[in-house]
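Asks: I am sharing query32.txt, which consists of compact mmCIF, C-alpha atoms:
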# COMPACT_ATOMS: atom_id res chain seq x y z
CA MET A 29 -54.89 169.55 285.31
CA ASP A 30 -51.21 169.99 286.23
CA ILE A 31 -48.42 169.78 283.66
CA THR A 32 -46.97 166.51 284.98
CA LEU A 33 -50.34 164.72 284.88
CA SER A 34 -51.09 166.14 281.42
CA ALA A 35 -47.76 164.75 280.13
CA GLU A 36 -48.57 161.32 281.58
CA ARG A 37 -52.03 161.36 279.96
CA LEU A 38 -50.48 162.30 276.62
CA GLU A 39 -48.09 159.34 276.75
CA VAL A 40 -50.93 156.94 277.51
CA MET A 41 -53.04 158.40 274.67
CA LYS A 42 -50.16 157.82 272.25
CA HIS A 43 -49.84 154.25 273.51
CA ILE A 44 -53.50 153.25 273.28
CA GLY A 45 -53.96 155.15 270.02
CA LYS A 46 -51.39 153.18 268.02
CA ASP A 47 -53.96 151.04 266.21
CA LEU A 48 -56.93 153.41 266.06
CA ASP A 49 -57.42 152.72 262.37
CA GLY A 50 -58.22 149.14 263.34
CA LEU A 51 -60.68 150.28 266.01
CA ILE A 52 -62.33 152.66 263.56
CA GLY A 53 -62.79 149.72 261.20
CA GLU A 54 -64.20 147.56 263.99
CA TYR A 55 -66.60 150.00 265.68
CA LEU A 56 -67.60 152.42 262.90
CA LYS A 57 -69.05 151.57 259.50
CA PRO A 58 -67.88 152.69 256.02
CA ILE A 59 -69.90 155.72 254.98
CA ASP A 60 -71.09 154.28 251.66
CA GLU A 61 -72.36 151.15 253.44
CA ASN A 62 -74.06 152.95 256.33
CA TRP A 63 -77.75 153.71 256.63
CA GLN A 64 -78.81 157.30 256.01
CA PRO A 65 -81.91 159.19 257.22
CA ALA A 66 -83.43 159.10 253.72
CA ASP A 67 -83.60 155.30 253.95
CA PHE A 68 -86.33 155.60 256.61
CA LEU A 69 -88.34 158.60 255.40
CA PRO A 70 -90.89 159.27 252.64
CA ASP A 71 -89.17 160.19 249.37
CA ALA A 72 -90.29 163.67 248.21
CA THR A 73 -89.29 162.84 244.62
CA ARG A 74 -91.92 160.10 244.34
CA GLU A 75 -95.60 160.52 243.48
CA ASN A 76 -96.77 158.71 246.60
CA PHE A 77 -94.87 161.09 248.92
CA PHE A 78 -97.96 162.82 250.34
CA HIS A 79 -99.73 159.50 250.83
CA GLU A 80 -96.75 158.18 252.79
CA VAL A 81 -96.65 161.34 254.90
CA LYS A 82 -100.34 160.92 255.67
CA LEU A 83 -99.75 157.34 256.80
CA LEU A 84 -96.80 158.47 258.93
CA GLN A 85 -98.96 161.13 260.62
CA GLU A 86 -101.75 158.64 261.26
CA SER A 87 -99.27 156.29 262.94
CA CYS A 88 -98.13 159.14 265.23
CA ARG A 89 -101.57 160.49 266.10
CA ASP A 90 -102.12 158.34 269.19
CA LEU A 91 -98.58 158.32 270.58
CA PRO A 92 -98.81 159.37 274.27
CA TYR A 93 -97.82 162.89 275.31
CA ASP A 94 -94.90 161.75 277.47
CA TYR A 95 -93.62 159.60 274.61
CA ILE A 96 -93.56 162.54 272.18
CA ALA A 97 -91.83 164.67 274.84
CA VAL A 98 -89.13 162.05 275.34
CA LEU A 99 -88.63 161.60 271.60
CA ILE A 100 -88.21 165.37 271.20
CA GLY A 101 -85.78 165.53 274.13
CA ASP A 102 -83.76 162.69 272.60
CA THR A 103 -83.74 164.54 269.28
CA ILE A 104 -82.52 167.80 270.83
CA THR A 105 -79.78 165.83 272.60
CA GLU A 106 -78.65 164.32 269.30
CA GLU A 107 -78.89 167.64 267.46
CA ALA A 108 -76.47 169.31 269.89
CA LEU A 109 -73.63 167.28 268.37
CA PRO A 110 -71.44 170.33 267.51
CA THR A 111 -70.97 170.86 271.24
CA TYR A 112 -69.81 167.29 271.81
CA GLU A 113 -67.32 167.33 268.93
CA SER A 114 -65.83 170.67 269.99
CA TRP A 115 -65.40 169.25 273.50
CA LEU A 116 -63.69 166.04 272.40
CA VAL A 117 -61.23 167.65 269.97
CA ASP A 118 -59.86 169.62 272.94
CA VAL A 119 -59.07 166.48 274.96
CA ILE A 120 -55.39 165.89 275.75
CA GLY A 121 -53.90 163.67 273.06
CA VAL A 122 -56.36 164.50 270.28
CA ASN A 123 -54.50 167.61 269.00
CA GLN A 124 -56.56 168.70 266.01
CA VAL A 125 -54.28 171.68 265.26
CA ASP A 126 -50.83 170.07 265.10
CA GLU A 127 -51.89 166.58 263.99
CA PRO A 128 -55.08 166.95 261.93
CA GLU A 129 -54.72 163.43 260.49
CA SER A 130 -53.81 161.63 263.71
CA GLY A 131 -55.75 158.54 264.73
CA TRP A 132 -57.55 160.33 267.55
CA VAL A 133 -58.63 163.23 265.34
CA LYS A 134 -59.90 160.75 262.74
CA TRP A 135 -61.81 158.89 265.45
CA VAL A 136 -63.56 162.02 266.73
CA ARG A 137 -64.52 163.12 263.21
CA ALA A 138 -65.73 159.67 262.14
CA TRP A 139 -67.67 159.10 265.37
CA THR A 140 -69.27 162.54 265.01
CA ALA A 141 -70.23 161.79 261.41
CA GLU A 142 -72.05 158.61 262.43
CA GLU A 143 -73.80 160.28 265.34
CA ASN A 144 -74.90 163.20 263.17
CA ARG A 145 -77.33 160.95 261.30
CA HIS A 146 -79.37 160.36 264.46
CA GLY A 147 -80.52 163.94 264.92
CA ASP A 148 -81.12 164.37 261.19
CA LEU A 149 -83.40 161.33 261.06
CA LEU A 150 -85.38 162.08 264.23
CA ASN A 151 -85.74 165.78 263.36
CA LYS A 152 -87.21 165.05 259.94
CA TYR A 153 -89.47 162.36 261.31
CA LEU A 154 -90.86 164.68 263.98
CA TYR A 155 -91.37 167.43 261.39
CA LEU A 156 -93.43 165.07 259.23
CA SER A 157 -95.37 163.69 262.21
CA GLY A 158 -97.48 166.82 262.64
CA ARG A 159 -97.28 166.47 266.43
CA VAL A 160 -94.46 168.94 267.07
CA ASN A 161 -94.05 172.69 267.34
CA MET A 162 -90.84 172.63 265.34
CA ARG A 163 -89.85 176.22 266.05
CA ALA A 164 -90.02 175.70 269.81
CA MET A 165 -87.95 172.52 269.47
CA GLU A 166 -85.40 174.28 267.28
CA VAL A 167 -85.11 177.12 269.80
CA SER A 168 -84.28 174.57 272.52
CA THR A 169 -81.65 172.98 270.28
CA GLN A 170 -80.04 176.33 269.59
CA TYR A 171 -80.04 177.18 273.29
CA LEU A 172 -78.39 173.86 274.13
CA ILE A 173 -75.58 174.45 271.63
CA ALA A 174 -75.17 178.15 272.44
CA ASP A 175 -75.17 177.63 276.22
CA GLY A 176 -72.45 175.01 276.02
CA PHE A 177 -71.95 172.49 278.80
CA ASP A 178 -69.52 171.23 281.39
CA ILE A 179 -69.65 167.47 281.96
CA GLY A 180 -67.00 167.54 284.68
CA THR A 181 -64.26 165.91 282.59
CA ASP A 182 -61.95 168.88 281.92
CA ARG A 183 -59.52 167.95 279.09
CA ASP A 184 -58.73 164.61 280.71
CA PRO A 185 -59.08 161.67 278.28
CA TYR A 186 -59.63 159.24 281.18
CA ARG A 187 -62.66 161.14 282.46
CA ASN A 188 -63.94 161.79 278.95
CA PHE A 189 -63.80 158.13 277.94
CA ILE A 190 -65.47 157.11 281.21
CA TYR A 191 -68.17 159.67 280.47
CA THR A 192 -68.70 158.61 276.84
CA SER A 193 -68.80 154.92 277.83
CA PHE A 194 -71.58 155.70 280.29
CA GLN A 195 -73.40 158.17 278.05
CA GLU A 196 -73.43 155.91 274.98
CA LEU A 197 -74.87 153.09 277.06
CA ALA A 198 -77.52 155.44 278.46
CA THR A 199 -78.56 156.62 274.98
CA ASN A 200 -78.67 153.00 273.84
CA VAL A 201 -81.11 152.23 276.65
CA SER A 202 -83.23 155.28 275.85
CA HIS A 203 -83.47 154.64 272.11
CA ARG A 204 -83.98 150.90 272.63
CA ARG A 205 -86.88 151.55 275.00
CA THR A 206 -88.48 154.12 272.68
CA ALA A 207 -88.23 151.47 269.96
CA THR A 208 -90.02 148.91 272.14
CA LEU A 209 -92.72 151.40 273.12
CA ALA A 210 -93.27 152.57 269.54
CA LYS A 211 -94.02 148.97 268.57
CA LYS A 212 -96.33 148.64 271.56
CA PHE A 213 -98.16 151.82 270.48
CA GLY A 214 -98.67 150.44 266.97
CA ASN A 215 -95.87 152.26 265.12
CA PRO A 216 -93.39 149.66 263.78
CA HIS A 217 -91.82 152.24 261.43
CA LEU A 218 -90.77 154.49 264.33
CA SER A 219 -89.71 151.40 266.26
CA LYS A 220 -87.27 150.51 263.47
CA ILE A 221 -85.89 154.07 263.43
CA CYS A 222 -85.23 154.10 267.17
CA GLY A 223 -83.80 150.59 266.94
CA VAL A 224 -81.14 151.40 264.33
CA ILE A 225 -80.07 154.44 266.34
CA ALA A 226 -79.82 152.28 269.48
CA SER A 227 -77.63 149.84 267.56
CA ASP A 228 -75.22 152.64 266.63
CA GLU A 229 -75.02 153.76 270.25
CA MET A 230 -74.11 150.26 271.40
CA ARG A 231 -71.27 149.99 268.87
CA HIS A 232 -69.95 153.36 270.01
CA ALA A 233 -70.22 152.33 273.66
CA LYS A 234 -68.11 149.25 272.95
CA ALA A 235 -65.41 151.46 271.45
CA TYR A 236 -65.21 153.83 274.40
CA LYS A 237 -65.28 150.93 276.85
CA THR A 238 -62.34 149.45 274.93
CA PHE A 239 -60.40 152.71 275.30
CA VAL A 240 -60.94 152.57 279.08
CA THR A 241 -59.91 148.90 279.21
CA ARG A 242 -56.64 149.75 277.48
CA ILE A 243 -55.96 152.62 279.88
CA LEU A 244 -56.52 150.25 282.81
CA GLU A 245 -53.80 147.98 281.44
CA VAL A 246 -51.13 150.70 281.63
CA ASP A 247 -52.34 153.24 284.23
CA PRO A 248 -54.82 151.51 286.56
CA SER A 249 -54.43 153.76 289.62
CA GLU A 250 -55.10 157.00 287.75
CA LEU A 251 -58.04 155.47 285.88
CA LEU A 252 -59.65 154.34 289.14
CA LEU A 253 -59.19 157.79 290.65
CA ALA A 254 -60.76 159.36 287.56
CA LEU A 255 -63.69 156.92 287.72
CA GLU A 256 -64.22 157.66 291.41
CA ASP A 257 -64.21 161.39 290.70
CA MET A 258 -66.76 161.07 287.88
CA MET A 259 -69.11 158.95 289.99
CA ARG A 260 -68.88 161.30 292.99
CA LYS A 261 -69.87 164.16 290.70
CA LYS A 262 -72.51 161.93 289.06
CA ILE A 263 -72.62 161.41 285.30
CA VAL A 264 -75.00 164.02 283.86
CA MET A 265 -76.52 163.60 280.42
CA PRO A 266 -75.40 165.94 277.60
CA ALA A 267 -78.83 167.63 277.56
CA HIS A 268 -78.61 168.48 281.26
CA PHE A 269 -78.79 172.21 280.44
CA MET A 270 -81.78 171.84 278.09
CA ARG A 271 -84.28 174.72 278.26
CA GLU A 272 -87.18 176.35 276.49
CA THR A 273 -87.88 180.02 275.82
CA GLY A 274 -88.13 182.00 279.06
CA MET A 275 -86.67 179.23 281.22
CA LYS A 276 -83.38 178.86 283.05
CA MET A 277 -80.73 176.35 282.03
CA GLY A 278 -81.69 172.86 283.15
CA GLU A 279 -85.33 173.54 284.01
CA THR A 280 -86.72 171.78 280.94
CA PHE A 281 -84.37 168.83 281.42
CA SER A 282 -85.91 167.99 284.79
CA HIS A 283 -89.37 167.76 283.20
CA PHE A 284 -87.97 165.71 280.31
CA SER A 285 -86.29 163.39 282.82
CA ASP A 286 -89.57 162.98 284.74
CA ALA A 287 -91.38 162.02 281.52
CA ALA A 288 -88.65 159.47 280.69
CA GLN A 289 -88.95 157.94 284.17
CA ARG A 290 -92.75 157.77 284.01
CA LEU A 291 -92.50 155.92 280.70
CA GLY A 292 -89.67 153.72 281.89
CA VAL A 293 -87.47 154.90 279.00
CA TYR A 294 -84.55 155.85 281.21
CA THR A 295 -84.72 155.64 285.00
CA THR A 296 -82.55 155.96 288.08
CA LEU A 297 -82.32 152.17 288.15
CA ASP A 298 -80.96 152.19 284.59
CA TYR A 299 -78.22 154.57 285.75
CA ILE A 300 -77.30 152.13 288.51
CA ASP A 301 -77.43 149.13 286.16
CA ILE A 302 -75.05 150.86 283.74
CA LEU A 303 -72.62 151.59 286.57
CA GLU A 304 -72.73 147.94 287.68
CA ASP A 305 -72.20 146.74 284.11
CA LEU A 306 -69.17 149.00 283.67
CA LEU A 307 -67.63 147.91 286.96
CA LYS A 308 -68.02 144.31 285.81
CA GLU A 309 -66.87 145.00 282.21
CA TRP A 310 -63.68 146.66 283.44
CA ASN A 311 -63.12 144.07 286.22
CA ILE A 312 -62.73 146.90 288.73
CA ASP A 313 -62.90 144.53 291.69
CA SER A 314 -59.79 142.66 290.51
CA VAL A 315 -57.53 145.40 289.08
CA ARG A 316 -53.97 144.81 290.28
CA ASP A 317 -50.90 146.97 290.95
CA ILE A 318 -52.68 150.05 292.23
CA ASN A 319 -51.70 152.54 294.92
CA GLU A 320 -53.39 153.17 298.27
CA LYS A 321 -55.56 156.03 297.00
CA ALA A 322 -56.77 153.86 294.13
CA GLU A 323 -57.59 151.03 296.59
CA LYS A 324 -59.82 153.42 298.53
CA ALA A 325 -61.38 154.60 295.25
CA ARG A 326 -62.16 151.00 294.34
CA ASP A 327 -63.78 150.38 297.73
CA TYR A 328 -66.01 153.40 297.15
CA LEU A 329 -66.92 152.33 293.61
CA MET A 330 -67.75 148.72 294.49
CA ALA A 331 -70.07 149.86 297.30
CA LEU A 332 -71.73 152.60 295.27
CA PRO A 333 -74.42 150.63 293.35
CA ALA A 334 -75.96 149.25 296.55
CA ARG A 335 -75.96 152.70 298.14
CA LEU A 336 -77.60 154.24 295.07
CA ARG A 337 -80.27 151.52 295.06
CA ARG A 338 -81.19 152.35 298.65
CA ILE A 339 -81.62 155.99 297.66
CA ALA A 340 -83.59 155.05 294.53
CA ASP A 341 -86.02 153.01 296.59
CA ARG A 342 -87.01 156.21 298.42
CA THR A 343 -87.33 158.34 295.28
CA ARG A 344 -90.72 159.03 293.73
CA VAL A 345 -91.25 160.19 290.16
CA PRO A 346 -93.52 163.26 289.89
CA GLU A 347 -96.86 162.39 288.31
CA LEU A 348 -97.78 165.98 287.53
CA ALA A 349 -97.79 166.42 283.76
CA TYR A 350 -95.83 169.35 282.37
CA GLU A 351 -96.85 171.14 279.17
CA PHE A 352 -93.87 171.38 276.87
CA SER A 353 -93.78 174.22 274.36
CA TRP A 354 -92.51 171.65 271.84
CA ILE A 355 -95.74 169.68 271.48
CA SER A 356 -98.69 170.78 269.38
CA ARG A 357 -102.05 169.94 270.88
Will you turn the file into structure tokens for me?

Replies:
Amino acid sequence: MDITLSAERLEVMKHIGKDLDGLIGEYLKPIDENWQPADFLPDATRENFFHEVKLLQESCRDLPYDYIAVLIGDTITEEALPTYESWLVDVIGVNQVDEPESGWVKWVRAWTAEENRHGDLLNKYLYLSGRVNMRAMEVSTQYLIADGFDIGTDRDPYRNFIYTSFQELATNVSHRRTATLAKKFGNPHLSKICGVIASDEMRHAKAYKTFVTRILEVDPSELLLALEDMMRKKIVMPAHFMRETGMKMGETFSHFSDAAQRLGVYTTLDYIDILEDLLKEWNIDSVRDINEKAEKARDYLMALPARLRRIADRTRVPELAYEFSWISR
């Protein structure tokens, strides 16, 4: 990103970050009032611990293979949180080094702290379930963090907030659907776990969508160009580079994605629905005072959902089951 554009982004970040304390209070919860993983898991200090673990394992025994695979993939995605925080603290305007107590730095830390609970809870649940090869799962998590990732946003706050808006909505859909399916498969306990995580993701999505809305108010042309660029590249999920031992980066993710589509947990149509919802949420069709390049970007964006639906109609999800190293038979 050139120096002039970086300076413009920095000014906008200062402008929209003036009342971040208020947004933190609105979209994140006080730590002492928040749920913690221990609230949903058997208590090892109590005499009935082993009985509760046995009941938990019985409730997981008949969960379908694809469902367990998706739950593990979701867990690995959540566990790779160090990568996401290190990426966001390098965004223009955050400035962790010179302004460690700025509003943006506080936001990134507080958001990370809330998100961190998700991986902790799912990891412990899967460990207790008896269905998972934990070492293989942990290897994939370490690979995902060690490999790093490039989500196509550079250090640009506009692209990063577009990405996080989309990604938080996608994880909300995924966790919400796993909650619904868990209930269908006779596991209301797991359904509640996935449901509370989905609720967090929706709150976080509202925050990032608000950041984008505020950028649109002061720099609409550049925001539209950033949105066009992100959609041309296609929004990839954080776990896009997920892999298992002996596999190349991204190979495992494709199998995970196939399992999610077969289950209906997260599909190509969900991707398109999220795009349509964001275009509507941000009133992209009626943004005013934009330049010619931004007008062309808007034309592309407004036509994109229909084009993607035509492609989706011709796409078939592979039915061939893949054996993940993560799952114990």

Asks: Which residues, written as a list in words, have at least one atom at most 12 Å from A:Gln124, with all atoms listed in the file counted and residues fewer than 3 positions away on the same chain left out?

Replies: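 In the requested format, the answer is Glu113, Ser114, Trp115, Leu116, Val117, Asp118, Val119, Ile120, Gly121, Glu127, Pro128, Glu129, Ser130, Gly131, Trp132, Val133, Lys134, Trp135, Val136 and Arg137 of chain A.
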
Asks: Just want the 10 Å neighbourhood of A:Thr296, counted on all atoms listed in the file, with same-chain residues fewer than 4 positions away dropped. Output as a list in words.

Replies: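 My list of contacting residues is Ser285, Gln289, Gly292, Ile300, Asp301, Leu336, Arg337, Ile339, Ala340, Asp341, Thr343 and Val345 of chain A.
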
Asks: Keeping only C-alpha atoms, take the residues you just selected and write them out as a compact mmCIF listing (two decimals), in the frame of the given file.

Replies:
# COMPACT_ATOMS: atom_id res chain seq x y z
CA SER A 285 -86.29 163.39 282.82
CA GLN A 289 -88.95 157.94 284.17
CA GLY A 292 -89.67 153.72 281.89
CA ILE A 300 -77.30 152.13 288.51
CA ASP A 301 -77.43 149.13 286.16
CA LEU A 336 -77.60 154.24 295.07
CA ARG A 337 -80.27 151.52 295.06
CA ILE A 339 -81.62 155.99 297.66
CA ALA A 340 -83.59 155.05 294.53
CA ASP A 341 -86.02 153.01 296.59
CA THR A 343 -87.33 158.34 295.28
CA VAL A 345 -91.25 160.19 290.16

Asks: In Å, how far is it from atom CA of A:Glu351 to atom CA of A:Asp178?

Replies: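 Going from atom CA of A:Glu351 over to atom CA of A:Asp178 covers 27.4 Å.
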
Asks: Considering only C-alpha atoms, can you say which of A:Asp148, A:Glu61, A:Glu54, A:Asp313 comes closest to A:Asp102?

Replies: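 Nearest to A:Asp102: A:Asp148.
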
Asks: Could you build a table of the residues in stretch 248-345 of chain A lying no more than 12 Å from stretch 81-98 of chain A, giving for each the nearest pair of atoms and their separation in Å rounded to one decimal place, using only C-alpha atoms, ordered by chain and ascending residue number, as a tab-separated table?

Replies:
residue	atom	partner	partner_atom	distance
A:Ala267	CA	A:Val98	CA	11.9
A:Thr280	CA	A:Ala97	CA	10.7
A:Phe281	CA	A:Val98	CA	10.3
A:Ser282	CA	A:Val98	CA	11.6
A:His283	CA	A:Ala97	CA	9.2
A:Phe284	CA	A:Val98	CA	6.3
A:Ser285	CA	A:Val98	CA	8.1
A:Asp286	CA	A:Asp94	CA	9.1
A:Ala287	CA	A:Asp94	CA	5.4
A:Ala288	CA	A:Val98	CA	6.0
A:Gln289	CA	A:Asp94	CA	9.7
A:Arg290	CA	A:Asp94	CA	8.0
A:Leu291	CA	A:Asp94	CA	7.1
A:Gly292	CA	A:Tyr95	CA	10.2
A:Val293	CA	A:Val98	CA	8.2
A:Tyr294	CA	A:Val98	CA	9.7

Asks: Nearest residue to A:Gln170 out of A:Met270, A:Leu56, A:Ala334, A:Leu69, using all atoms listed in the file?

Replies: A:Met270
